[in-house]
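input.cif, holding mmCIF, C-alpha atoms:
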data_structure
loop_
_atom_site.label_atom_id
_atom_site.label_comp_id
_atom_site.auth_asym_id
_atom_site.auth_seq_id
_atom_site.Cartn_x
_atom_site.Cartn_y
_atom_site.Cartn_z
CA MET A 1 -11.50 2.31 -19.65
CA ASP A 2 -8.43 3.24 -17.64
CA ASP A 3 -8.68 1.45 -14.30
CA GLY A 4 -5.86 3.66 -13.04
CA VAL A 5 -8.29 6.31 -11.87
CA LEU A 6 -10.32 3.79 -9.89
CA SER A 7 -7.13 2.30 -8.44
CA THR A 8 -6.17 5.76 -7.23
CA VAL A 9 -9.64 6.33 -5.78
CA ARG A 10 -9.55 2.97 -3.97
CA ARG A 11 -6.35 4.05 -2.18
CA LEU A 12 -7.83 7.31 -0.85
CA PRO A 13 -8.38 7.39 2.93
CA GLY A 14 -11.94 6.48 3.85
CA VAL A 15 -12.82 4.82 0.52
CA ARG A 16 -14.33 1.38 1.12
CA ALA A 17 -14.88 0.34 -2.51
CA ALA A 18 -14.97 1.64 -6.09
CA TYR A 19 -16.80 -0.13 -8.90
CA LEU A 20 -17.42 0.22 -12.62
CA ILE A 21 -21.08 -0.63 -13.16
CA SER A 22 -23.32 -0.99 -16.18
CA THR A 23 -27.08 -1.10 -16.55
CA SER A 24 -26.74 -3.15 -19.74
CA SER A 25 -24.78 -6.07 -18.27
CA LEU A 26 -25.85 -6.91 -14.75
CA PRO A 27 -24.02 -9.77 -13.05
CA GLU A 28 -25.80 -13.09 -12.98
CA GLY A 29 -25.86 -15.37 -10.04
CA GLY A 30 -27.22 -15.97 -6.64
CA PRO A 31 -26.93 -14.09 -3.40
CA GLU A 32 -23.16 -13.54 -3.43
CA PRO A 33 -22.51 -10.19 -1.74
CA GLU A 34 -20.51 -8.74 -4.66
CA ALA A 35 -23.16 -9.67 -7.25
CA THR A 36 -25.93 -8.28 -5.07
CA ILE A 37 -24.06 -5.03 -4.53
CA ALA A 38 -23.34 -4.69 -8.25
CA ARG A 39 -27.03 -5.23 -9.11
CA LEU A 40 -28.14 -2.67 -6.53
CA LEU A 41 -25.58 -0.09 -7.65
CA SER A 42 -26.57 -0.60 -11.28
CA ALA A 43 -30.21 -0.07 -10.36
CA VAL A 44 -29.38 3.14 -8.47
CA PHE A 45 -27.30 4.41 -11.39
CA GLY A 46 -30.15 3.68 -13.83
CA ALA A 47 -32.74 5.33 -11.57
CA LEU A 48 -30.61 8.46 -11.16
CA GLY A 49 -30.21 8.70 -14.94
CA ASP A 50 -33.97 8.31 -15.43
CA ALA A 51 -34.64 10.95 -12.77
CA THR A 52 -32.33 13.58 -14.29
CA ASP A 53 -34.00 13.06 -17.68
CA ALA A 54 -37.49 13.19 -16.17
CA VAL A 55 -36.93 16.51 -14.41
CA GLY A 56 -35.33 18.06 -17.48
CA ILE A 57 -31.77 18.65 -16.27
CA GLY A 58 -30.12 16.48 -18.92
CA ALA A 59 -28.04 13.36 -18.71
CA LEU A 60 -26.64 12.29 -15.35
CA SER A 61 -23.11 13.55 -14.82
CA GLU A 62 -22.49 13.07 -11.12
CA ALA A 63 -24.49 12.39 -7.96
CA MET A 64 -23.74 11.98 -4.28
CA VAL A 65 -25.83 10.39 -1.53
CA GLU A 66 -24.77 10.94 2.06
CA GLY A 67 -25.73 8.56 4.84
CA THR A 68 -25.02 8.70 8.55
CA THR A 69 -21.88 6.55 8.29
CA GLY A 70 -20.70 7.20 4.75
CA SER A 71 -21.49 8.28 1.22
CA VAL A 72 -22.01 6.95 -2.30
CA VAL A 73 -20.59 8.99 -5.18
CA VAL A 74 -21.67 8.17 -8.74
CA ARG A 75 -19.97 9.45 -11.90
CA ALA A 76 -21.47 8.73 -15.33
CA ILE A 77 -19.07 7.53 -18.01
CA SER A 78 -21.67 6.83 -20.68
CA ASP A 79 -25.44 6.41 -20.84
CA ASP A 80 -25.23 2.93 -19.32
CA THR A 81 -21.85 2.88 -17.55
CA GLY A 82 -20.69 4.62 -14.42
CA ALA A 83 -18.23 4.60 -11.56
CA VAL A 84 -19.56 4.18 -8.03
CA VAL A 85 -17.49 4.90 -4.93
CA ILE A 86 -18.57 3.90 -1.43
CA THR A 87 -16.92 5.83 1.40
CA GLU A 88 -16.80 6.07 5.13
CA ALA A 89 -17.94 9.31 6.77
CA LYS A 90 -14.33 10.50 7.22
CA ALA A 91 -13.52 10.37 3.48
CA ASN A 92 -12.61 13.57 1.66
CA LEU A 93 -15.52 13.67 -0.83
CA GLY A 94 -14.02 16.60 -2.71
CA LEU A 95 -10.90 14.57 -3.43
CA VAL A 96 -12.99 11.55 -4.47
CA ARG A 97 -14.99 13.74 -6.88
CA LEU A 98 -11.81 15.35 -8.22
CA GLU A 99 -10.31 11.94 -9.04
CA LEU A 100 -13.56 10.72 -10.62
CA ARG A 101 -13.59 13.76 -12.89
CA LYS A 102 -10.50 12.32 -14.57
CA LEU A 103 -12.84 9.73 -16.10
CA PRO A 104 -14.31 10.56 -19.52
CA ARG A 105 -17.54 12.58 -19.51
CA PRO A 106 -20.74 11.29 -21.13
CA ASN A 107 -20.91 12.03 -24.84
CA GLY A 108 -17.44 13.43 -24.94
#
Could you spell out this file's structure in structure tokens?
Amino acid sequence: MDDGVLSTVRRLPGVRAAYLISTSSLPEGGPEPEATIARLLSAVFGALGDATDAVGIGALSEAMVEGTTGSVVVRAISDDTGAVVITEAKANLGLVRLELRKLPRPNG
């Protein structure tokens, strides 16, 4: 995986964090904030993938959740791996999505 894309995303204005996550290898450990965040993001990624399959729209490609003070953008890389970007409300979500689309698509 080329971390260059995520490095570019991390430098965009309004981006708080960008992670590569996997449902097949969750971090072990106690209540450290980073491990807790990674476990939660992995669970969200897995649930979104299950939901897209369940409603018959195919494999998860991309999803975005907007909150009152920011957003979470998810881009699938494979069945069990994805990129997750956490932004502030002022972030340009179109630019974030454009950069994430430079990552490989699932199954191709």
**Asked** Could you name the residues that touch region 94-96 of chain A at 12 Å or less, counting only C-alpha atoms, but leaving out those on the same chain fewer than 2 positions away, as number ranges by chain?
**Response** A: 5-18, 62, 64, 71-75, 83-88, 90-92, 98-103
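Computed from the coordinates, the CA of Asp50 (chain A) to CA of Ala63 (chain A) distance equals 12.7 Å.
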**Asked** Interatomic distance between CA of Asp53 (chain A) and CA of Thr36 (chain A)?
**Response**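 Computing it gives 26.1 Å between the two atoms.
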**Asked** So what do you get for CA of Ser61 (chain A) versus CA of Ala89 (chain A), distance-wise?
**Response**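 It comes out at 22.6 Å.
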**Prompt:** When the PyMOL selection byres ((chain A and resi 44) around 12) is applied to the file above, which residues end up in the set, as an MDAnalysis selection string?
**Reply:** chainID A and resid 21:23 37:43 45:51 60 63:65 72:76 80:84
